[in-house]
>>> print(open('model-v2.tsv').read())   # TSV, C-alpha atoms
chain	number	residue	atom	x	y	z
A	1	MET	CA	39.36	26.33	-33.64
A	2	LYS	CA	35.79	25.17	-33.11
A	3	LYS	CA	35.34	24.62	-36.82
A	4	SER	CA	38.47	22.49	-37.01
A	5	LEU	CA	37.40	20.41	-34.01
A	6	SER	CA	34.01	19.83	-35.60
A	7	TYR	CA	35.59	18.46	-38.72
A	8	ILE	CA	37.80	16.07	-36.69
A	9	PHE	CA	34.75	14.85	-34.78
A	10	VAL	CA	32.81	14.19	-37.97
A	11	ILE	CA	35.68	12.24	-39.56
A	12	CYS	CA	36.17	10.09	-36.45
A	13	ALA	CA	32.46	9.46	-36.11
A	14	ALA	CA	32.24	8.42	-39.76
A	15	ILE	CA	35.02	5.85	-39.29
A	16	VAL	CA	33.42	4.38	-36.17
A	17	LEU	CA	29.85	4.35	-37.48
A	18	LEU	CA	30.44	3.49	-41.15
A	19	PRO	CA	29.01	-0.07	-40.85
A	20	LEU	CA	25.85	1.35	-39.29
A	21	LEU	CA	25.08	4.16	-41.74
A	22	ASN	CA	22.63	2.22	-43.86
A	23	SER	CA	20.60	1.19	-40.81
A	24	CYS	CA	20.63	4.66	-39.22
A	25	LYS	CA	19.06	6.72	-41.96
A	26	THR	CA	16.49	8.26	-39.64
A	27	LYS	CA	19.11	9.31	-37.13
A	28	LYS	CA	21.22	10.85	-39.89
A	29	GLN	CA	18.20	12.87	-40.99
A	30	ASP	CA	17.62	14.02	-37.42
A	31	ASN	CA	21.10	15.53	-37.38
A	32	GLY	CA	20.29	17.56	-40.48
A	33	GLY	CA	16.78	18.45	-39.41
A	34	GLU	CA	15.05	16.80	-42.35
A	35	SER	CA	13.16	14.18	-40.37
A	36	LEU	CA	11.80	16.89	-38.06
A	37	VAL	CA	9.40	18.08	-40.76
A	38	LYS	CA	7.45	16.42	-43.55
A	39	MET	CA	9.50	16.29	-46.73
A	40	THR	CA	6.67	17.47	-48.98
A	41	PRO	CA	4.75	20.75	-48.52
A	42	VAL	CA	1.85	20.46	-46.08
A	43	GLY	CA	-0.73	22.84	-44.69
A	44	PRO	CA	-2.59	25.76	-46.24
A	45	ASP	CA	-1.13	28.40	-48.53
A	46	PHE	CA	0.20	31.50	-46.77
A	47	ASN	CA	-1.20	34.60	-48.47
A	48	ALA	CA	1.51	37.25	-48.59
A	49	ASP	CA	-0.87	39.91	-49.91
A	50	SER	CA	-3.08	39.39	-46.87
A	51	ALA	CA	-0.09	39.67	-44.51
A	52	PHE	CA	1.09	42.80	-46.33
A	53	ASN	CA	-2.33	44.40	-45.79
A	54	TYR	CA	-2.27	43.53	-42.07
A	55	CYS	CA	1.15	45.17	-41.86
A	56	LYS	CA	-0.15	48.32	-43.56
A	57	ALA	CA	-3.25	48.41	-41.35
A	58	GLN	CA	-1.04	48.61	-38.25
A	59	CYS	CA	1.09	51.35	-39.77
A	60	ASP	CA	-2.02	53.32	-40.67
A	61	PHE	CA	-2.51	53.92	-36.94
A	62	GLY	CA	0.88	55.64	-36.87
A	63	PRO	CA	3.81	54.71	-34.61
A	64	ARG	CA	2.49	52.40	-31.87
A	65	THR	CA	4.71	53.85	-29.16
A	66	MET	CA	3.98	53.12	-25.53
A	67	ASN	CA	1.15	55.12	-23.91
A	68	SER	CA	0.06	56.64	-27.24
A	69	THR	CA	-3.43	56.73	-28.72
A	70	ALA	CA	-2.14	54.94	-31.82
A	71	HIS	CA	-0.82	52.14	-29.59
A	72	ASP	CA	-4.14	51.69	-27.82
A	73	GLU	CA	-6.25	51.83	-30.99
A	74	CYS	CA	-4.01	49.37	-32.82
A	75	GLY	CA	-4.17	47.03	-29.83
A	76	LYS	CA	-7.97	47.00	-30.06
A	77	TRP	CA	-7.72	46.24	-33.78
A	78	ILE	CA	-5.31	43.34	-33.21
A	79	VAL	CA	-7.66	41.84	-30.61
A	80	GLN	CA	-10.64	42.14	-32.96
A	81	LYS	CA	-8.78	40.49	-35.85
A	82	PHE	CA	-7.74	37.49	-33.75
A	83	GLN	CA	-11.30	37.14	-32.48
A	84	GLN	CA	-12.55	37.32	-36.07
A	85	PHE	CA	-10.27	34.38	-36.84
A	86	GLY	CA	-11.79	32.22	-34.12
A	87	CYS	CA	-9.22	32.73	-31.37
A	88	THR	CA	-9.92	33.17	-27.69
A	89	VAL	CA	-8.14	36.38	-26.71
A	90	THR	CA	-6.63	37.29	-23.35
A	91	GLU	CA	-5.26	40.77	-22.74
A	92	GLN	CA	-2.55	40.92	-20.11
A	93	LYS	CA	-2.59	44.57	-19.08
A	94	ILE	CA	0.09	45.65	-16.62
A	95	ASP	CA	2.06	48.72	-15.66
A	96	LEU	CA	5.78	48.31	-16.25
A	97	ILE	CA	8.60	50.74	-15.53
A	98	GLY	CA	10.89	51.78	-18.36
A	99	TRP	CA	14.61	52.51	-18.13
A	100	ASP	CA	13.79	56.20	-17.64
A	101	GLY	CA	11.39	55.58	-14.73
A	102	LYS	CA	8.34	56.13	-16.93
A	103	THR	CA	5.25	54.01	-16.28
A	104	LEU	CA	4.40	52.06	-19.43
A	105	LYS	CA	0.84	50.89	-20.00
A	106	CYS	CA	1.71	47.46	-21.36
A	107	ASN	CA	-0.69	45.03	-23.01
A	108	ASN	CA	0.46	41.53	-23.96
A	109	ILE	CA	-2.16	40.13	-26.34
A	110	ILE	CA	-2.57	36.34	-26.27
A	111	ALA	CA	-4.79	34.75	-28.94
A	112	SER	CA	-5.41	31.04	-28.45
A	113	TYR	CA	-6.48	28.66	-31.21
A	114	LYS	CA	-8.29	25.64	-29.72
A	115	PRO	CA	-7.49	26.55	-26.11
A	116	GLU	CA	-8.96	23.26	-24.93
A	117	LEU	CA	-6.06	21.26	-26.39
A	118	THR	CA	-3.20	20.51	-24.03
A	119	THR	CA	-0.52	20.04	-26.71
A	120	ARG	CA	0.39	23.58	-27.74
A	121	VAL	CA	2.89	25.62	-29.69
A	122	LEU	CA	3.80	29.27	-29.09
A	123	ILE	CA	4.20	31.72	-31.99
A	124	CYS	CA	5.03	35.28	-30.99
A	125	ALA	CA	6.07	38.75	-32.11
A	126	HIS	CA	6.14	42.24	-30.63
A	127	TRP	CA	3.62	44.89	-31.60
A	128	ASP	CA	4.96	48.15	-30.14
A	129	SER	CA	7.05	50.73	-32.02
A	130	ARG	CA	10.43	52.20	-31.08
A	131	PRO	CA	9.93	55.73	-29.70
A	132	TRP	CA	13.30	56.92	-30.99
A	133	ALA	CA	14.85	56.52	-34.45
A	134	ASP	CA	18.24	56.44	-32.74
A	135	ASN	CA	19.99	54.53	-35.51
A	136	ASP	CA	18.94	56.94	-38.25
A	137	PRO	CA	21.88	58.29	-40.28
A	138	ASP	CA	20.50	61.80	-39.68
A	139	SER	CA	20.82	62.72	-36.00
A	140	ALA	CA	17.97	65.22	-36.46
A	141	ASN	CA	15.64	62.19	-36.60
A	142	TRP	CA	16.87	60.49	-33.44
A	143	ASN	CA	14.01	61.77	-31.28
A	144	LYS	CA	11.34	60.90	-33.84
A	145	PRO	CA	9.27	57.72	-33.39
A	146	VAL	CA	9.69	54.77	-35.75
A	147	LEU	CA	6.70	53.71	-37.87
A	148	ALA	CA	7.94	50.13	-37.39
A	149	ALA	CA	6.55	48.50	-40.51
A	150	ASN	CA	9.22	45.80	-40.31
A	151	ASP	CA	10.38	46.01	-36.69
A	152	GLY	CA	7.06	45.11	-35.14
A	153	ALA	CA	4.19	45.20	-37.64
A	154	SER	CA	5.59	42.52	-39.98
A	155	GLY	CA	5.74	39.90	-37.23
A	156	VAL	CA	2.21	40.59	-36.06
A	157	ALA	CA	1.01	40.57	-39.68
A	158	VAL	CA	2.39	37.05	-40.14
A	159	LEU	CA	0.75	35.96	-36.87
A	160	LEU	CA	-2.61	37.30	-38.03
A	161	GLU	CA	-2.42	35.56	-41.41
A	162	LEU	CA	-1.37	32.33	-39.70
A	163	ALA	CA	-4.37	32.62	-37.36
A	164	ARG	CA	-6.69	33.17	-40.31
A	165	ILE	CA	-5.52	30.20	-42.37
A	166	VAL	CA	-5.16	27.86	-39.39
A	167	ASN	CA	-8.76	28.61	-38.40
A	168	ASP	CA	-10.01	28.12	-41.96
A	169	ALA	CA	-8.14	24.84	-42.38
A	170	ASP	CA	-9.30	23.51	-38.99
A	171	SER	CA	-7.04	20.49	-39.35
A	172	LEU	CA	-4.17	21.26	-37.00
A	173	LYS	CA	-3.81	18.58	-34.34
A	174	MET	CA	-2.51	20.93	-31.64
A	175	GLY	CA	-3.40	24.25	-30.10
A	176	VAL	CA	-1.57	27.45	-30.98
A	177	ASP	CA	-1.02	30.52	-28.83
A	178	PHE	CA	-0.28	33.64	-30.85
A	179	VAL	CA	1.33	36.06	-28.41
A	180	CYS	CA	1.91	39.72	-29.26
A	181	PHE	CA	4.40	41.07	-26.75
A	182	ASP	CA	4.34	44.72	-25.81
A	183	ALA	CA	7.12	47.09	-24.69
A	184	GLU	CA	9.82	45.19	-26.56
A	185	ASP	CA	11.35	48.25	-28.16
A	186	TYR	CA	11.56	50.65	-25.21
A	187	GLY	CA	15.23	49.86	-24.69
A	188	VAL	CA	17.82	52.47	-23.74
A	189	PRO	CA	18.58	54.83	-26.67
A	190	GLN	CA	22.02	54.65	-28.22
A	191	TRP	CA	22.96	58.10	-26.97
A	192	ILE	CA	22.70	56.96	-23.33
A	193	ASP	CA	25.37	54.79	-21.73
A	194	SER	CA	23.64	52.45	-19.28
A	195	PRO	CA	25.10	49.41	-17.47
A	196	ASN	CA	21.63	47.82	-17.38
A	197	GLY	CA	20.79	48.47	-21.01
A	198	SER	CA	20.10	44.86	-21.95
A	199	ASP	CA	17.41	44.54	-19.28
A	200	SER	CA	15.52	47.54	-20.68
A	201	TRP	CA	14.37	45.59	-23.74
A	202	ALA	CA	11.59	42.99	-24.11
A	203	LEU	CA	9.75	44.19	-21.02
A	204	GLY	CA	6.42	42.63	-21.97
A	205	ALA	CA	8.03	39.28	-22.70
A	206	GLN	CA	9.99	39.43	-19.46
A	207	TYR	CA	6.74	39.86	-17.55
A	208	TRP	CA	4.77	37.21	-19.47
A	209	ALA	CA	7.55	34.63	-19.20
A	210	GLN	CA	7.45	34.92	-15.40
A	211	ASN	CA	3.69	35.50	-15.17
A	212	PRO	CA	2.04	33.60	-18.05
A	213	HIS	CA	-1.58	34.29	-18.98
A	214	LYS	CA	-2.52	30.82	-17.75
A	215	GLN	CA	-1.16	29.25	-14.58
A	216	GLY	CA	1.14	26.35	-15.40
A	217	TYR	CA	1.19	27.25	-19.09
A	218	GLU	CA	3.29	24.93	-21.23
A	219	ALA	CA	4.12	24.76	-24.91
A	220	THR	CA	6.11	22.13	-26.78
A	221	TYR	CA	8.20	24.82	-28.46
A	222	GLY	CA	8.06	28.44	-29.54
A	223	ILE	CA	8.89	30.53	-32.61
A	224	LEU	CA	9.52	34.26	-32.37
A	225	LEU	CA	9.10	36.42	-35.48
A	226	ASP	CA	10.96	39.74	-35.54
A	227	MET	CA	11.62	41.90	-38.60
A	228	VAL	CA	10.26	39.32	-41.03
A	229	GLY	CA	9.15	41.56	-43.91
A	230	GLY	CA	12.15	43.64	-44.93
A	231	GLN	CA	13.61	43.81	-48.40
A	232	GLY	CA	16.69	41.66	-48.83
A	233	SER	CA	16.15	39.84	-45.54
A	234	ARG	CA	18.00	36.65	-44.71
A	235	PHE	CA	17.30	34.61	-41.61
A	236	TYR	CA	20.49	33.03	-40.34
A	237	GLN	CA	20.60	30.64	-37.39
A	238	GLU	CA	20.54	33.14	-34.51
A	239	GLY	CA	23.11	32.31	-31.83
A	240	MET	CA	20.93	32.33	-28.71
A	241	SER	CA	18.30	30.24	-30.50
A	242	VAL	CA	20.96	27.67	-31.34
A	243	GLN	CA	21.94	27.63	-27.67
A	244	TYR	CA	18.44	27.33	-26.22
A	245	ALA	CA	16.44	25.61	-28.98
A	246	PRO	CA	18.78	23.90	-31.47
A	247	MET	CA	16.22	21.36	-32.69
A	248	ILE	CA	13.66	24.10	-33.38
A	249	VAL	CA	16.26	25.99	-35.40
A	250	LYS	CA	16.95	22.83	-37.42
A	251	LYS	CA	13.25	22.28	-37.88
A	252	ILE	CA	12.71	25.81	-39.22
A	253	HIS	CA	15.60	25.68	-41.68
A	254	ALA	CA	14.61	22.21	-42.90
A	255	ALA	CA	11.03	23.41	-43.43
A	256	ALA	CA	12.22	26.43	-45.43
A	257	LYS	CA	14.01	24.14	-47.87
A	258	VAL	CA	10.96	21.90	-48.31
A	259	VAL	CA	8.69	24.82	-49.27
A	260	GLY	CA	11.25	26.35	-51.62
A	261	PHE	CA	12.57	29.21	-49.50
A	262	GLY	CA	15.88	27.77	-48.38
A	263	SER	CA	17.74	30.76	-49.86
A	264	PHE	CA	16.08	32.99	-47.26
A	265	PHE	CA	17.34	30.75	-44.44
A	266	PRO	CA	21.13	30.26	-44.68
A	267	ASP	CA	22.38	27.41	-42.52
A	268	GLU	CA	25.18	29.51	-41.05
A	269	THR	CA	25.00	30.78	-37.48
A	270	ASP	CA	25.55	34.53	-37.52
A	271	GLY	CA	24.91	36.87	-34.60
A	272	SER	CA	23.24	36.62	-31.20
A	273	VAL	CA	20.54	39.07	-30.20
A	274	THR	CA	18.67	40.28	-27.14
A	275	ASP	CA	15.03	39.68	-28.06
A	276	ASP	CA	11.74	38.40	-26.68
A	277	HIS	CA	12.87	34.77	-26.99
A	278	ILE	CA	15.49	35.20	-24.26
A	279	PRO	CA	13.04	35.53	-21.31
A	280	VAL	CA	10.73	32.92	-22.86
A	281	ASN	CA	13.61	30.45	-22.89
A	282	LYS	CA	15.09	31.54	-19.58
A	283	TYR	CA	11.99	31.89	-17.41
A	284	ALA	CA	9.13	30.07	-19.16
A	285	LYS	CA	11.49	27.22	-20.12
A	286	ILE	CA	9.91	26.93	-23.56
A	287	PRO	CA	12.55	26.15	-26.23
A	288	THR	CA	12.02	29.10	-28.54
A	289	ALA	CA	13.86	30.07	-31.73
A	290	ASP	CA	14.03	33.58	-33.14
A	291	ILE	CA	13.41	34.09	-36.85
A	292	ILE	CA	15.03	37.51	-37.20
A	293	ALA	CA	16.55	39.30	-40.17
A	294	HIS	CA	20.34	39.57	-40.28
A	295	TYR	CA	22.34	41.60	-42.79
A	296	PRO	CA	26.02	40.73	-42.27
A	297	ASP	CA	27.21	43.12	-45.00
A	298	CYS	CA	25.05	46.15	-44.14
A	299	MET	CA	27.11	49.14	-42.99
A	300	GLN	CA	24.11	50.85	-41.38
A	301	SER	CA	23.27	47.92	-39.10
A	302	SER	CA	23.41	44.13	-39.10
A	303	PHE	CA	19.62	44.36	-38.60
A	304	GLY	CA	19.32	46.10	-41.97
A	305	PRO	CA	19.33	49.63	-43.35
A	306	THR	CA	15.92	50.65	-41.95
A	307	TRP	CA	16.37	49.33	-38.39
A	308	HIS	CA	15.43	52.03	-35.84
A	309	THR	CA	15.26	54.69	-38.53
A	310	VAL	CA	12.43	56.79	-39.95
A	311	SER	CA	12.72	54.68	-43.12
A	312	ASP	CA	11.15	51.62	-41.48
A	313	ASP	CA	7.97	52.09	-43.50
A	314	MET	CA	5.75	50.19	-45.94
A	315	ASP	CA	7.94	51.20	-48.89
A	316	HIS	CA	10.55	48.77	-47.56
A	317	ILE	CA	8.26	45.78	-46.92
A	318	ASP	CA	8.60	42.85	-49.33
A	319	ARG	CA	5.75	40.41	-49.91
A	320	ASN	CA	8.27	37.71	-50.90
A	321	THR	CA	9.92	37.92	-47.49
A	322	LEU	CA	6.57	37.68	-45.71
A	323	LYS	CA	5.71	34.66	-47.87
A	324	ALA	CA	9.01	32.92	-47.17
A	325	VAL	CA	8.62	33.24	-43.41
A	326	GLY	CA	4.91	32.53	-43.28
A	327	GLN	CA	5.01	29.42	-45.47
A	328	THR	CA	8.00	28.12	-43.55
A	329	VAL	CA	6.14	28.40	-40.25
A	330	VAL	CA	3.12	26.69	-41.81
A	331	GLN	CA	5.36	23.78	-42.81
A	332	VAL	CA	6.77	23.56	-39.30
A	333	ILE	CA	3.50	23.46	-37.40
A	334	PHE	CA	1.59	21.28	-39.89
A	335	SER	CA	4.42	18.73	-39.82
A	336	ASP	CA	3.68	17.98	-36.14
>>> encode(input="model-v2.tsv", output="structure tokens")
Amino acid sequence: MKKSLSYIFVICAAIVLLPLLNSCKTKKQDNGGESLVKMTPVGPDFNADSAFNYCKAQCDFGPRTMNSTAHDECGKWIVQKFQQFGCTVTEQKIDLIGWDGKTLKCNNIIASYKPELTTRVLICAHWDSRPWADNDPDSANWNKPVLAANDGASGVAVLLELARIVNDADSLKMGVDFVCFDAEDYGVPQWIDSPNGSDSWALGAQYWAQNPHKQGYEATYGILLDMVGGQGSRFYQEGMSVQYAPMIVKKIHAAAKVVGFGSFFPDETDGSVTDDHIPVNKYAKIPTADIIAHYPDCMQSSFGPTWHTVSDDMDHIDRNTLKAVGQTVVQVIFSD
């Protein structure tokens, strides 16, 4: 029904506005997203090999589950890398309570490029690992932690490479805050039926969105990266992003086409997810779109065959996917 109504609206609008089409070229482009980004590639080259290595470096610590040594050591490494790339780093360390009553030593890592600039954009990902491989086809693995090469490390890897090339280029006209959210993946396991299950996810983002690292923090828009390195990934227009940040969604998909990766970003809306962008939109009021892999034909999960399984490892990370996402984000932010 909605699709049919859309077609009727378009036909009627065309009849009414036909005499004005030639004089409204810019507005027509706005509707498609093209005028939201530069129509030729801009900005530095995103190095997929570099991002791949950052992904592997995180996995080399082991699963970065909450309260683990691997989690703490990887957090220190992430901080050092952002500092190496010229960012001012703030660590937001807080104790949060998980669904099971466990105290989680949470650390939201905020790396700011040119913190003195008032015009800012937010680019974020989560850096913790899922403690339970509860979607693994073998139930014997359900209580094993996930290495989280894609579901965690890939997003942070893209953030780190973006920080490196943005710092080297030193030509961006706005500040960037790279935020690595913690405790995203401590949600209720599938074997437990909980009425408050949706609130058990994205705990670090929930806290930051209501208690930002800087009082009165504002950003023009935000982009969340989640599961952005998997083989065969496609990044549809995620439903909640379309609801909260439709122009950012258009901007991302237009940028992907300009840099030659439109096939990775289908224009169809498919699926709505609970992710870190929900509290950022809801509480921080920053229009934020989620670039997240969606596999509509995957029997294992619409998030892909390795999601929350012991197979989420470096063997299933694709440099081409990292490149497609990274170069698209470069096009978005360097078009501003």
>>> closest_residue(input="model-v2.tsv", among="A:Asn281, A:Ser233, A:Gln331, A:Asn211", to="His294 (chain A)", atoms="only C-alpha atoms")
A:Ser233
>>> closest_residue(input="model-v2.tsv", among="A:Gly232, A:Gly204, A:Pro246, A:Gly262", to="Pro296 (chain A)", atoms="all atoms listed in the file")
A:Gly232
>>> residues_around(input="model-v2.tsv", residues="Ala111 (chain A)", least_positions_apart="4", cutoff="8 Å", atoms="all atoms listed in the file", output="PDB file with C-alpha atoms, keeping the file's coordinate frame")
ATOM      1  CA  VAL A  79      -7.660  41.840 -30.610  1.00  0.00           C
ATOM      2  CA  PHE A  82      -7.740  37.490 -33.750  1.00  0.00           C
ATOM      3  CA  GLN A  83     -11.300  37.140 -32.480  1.00  0.00           C
ATOM      4  CA  CYS A  87      -9.220  32.730 -31.370  1.00  0.00           C
ATOM      5  CA  THR A  88      -9.920  33.170 -27.690  1.00  0.00           C
ATOM      6  CA  VAL A  89      -8.140  36.380 -26.710  1.00  0.00           C
ATOM      7  CA  THR A  90      -6.630  37.290 -23.350  1.00  0.00           C
ATOM      8  CA  ASP A 177      -1.020  30.520 -28.830  1.00  0.00           C
ATOM      9  CA  PHE A 178      -0.280  33.640 -30.850  1.00  0.00           C
ATOM     10  CA  VAL A 179       1.330  36.060 -28.410  1.00  0.00           C
TER      11      VAL A 179
END
>>> atom_distance(input="model-v2.tsv", atom1="CA of Leu147 (chain A)", atom2="CA of Cys106 (chain A)")
18.3 Å
>>> closest_residue(input="model-v2.tsv", among="A:Thr269, A:Thr118, A:Asp312, A:Pro279", to="Gly62 (chain A)", atoms="all atoms listed in the file")
A:Asp312
>>> closest_residue(input="model-v2.tsv", among="A:Lys214, A:Ala125, A:Val156, A:Ser68", to="Ser112 (chain A)", atoms="all atoms listed in the file")
A:Lys214
>>> closest_residue(input="model-v2.tsv", among="A:Gly230, A:Ile123, A:Asn196, A:Val273", to="Met314 (chain A)", atoms="all atoms listed in the file")
A:Gly230
>>> atom_distance(input="model-v2.tsv", atom1="CA of Val121 (chain A)", atom2="CA of Asp336 (chain A)")
10.0 Å
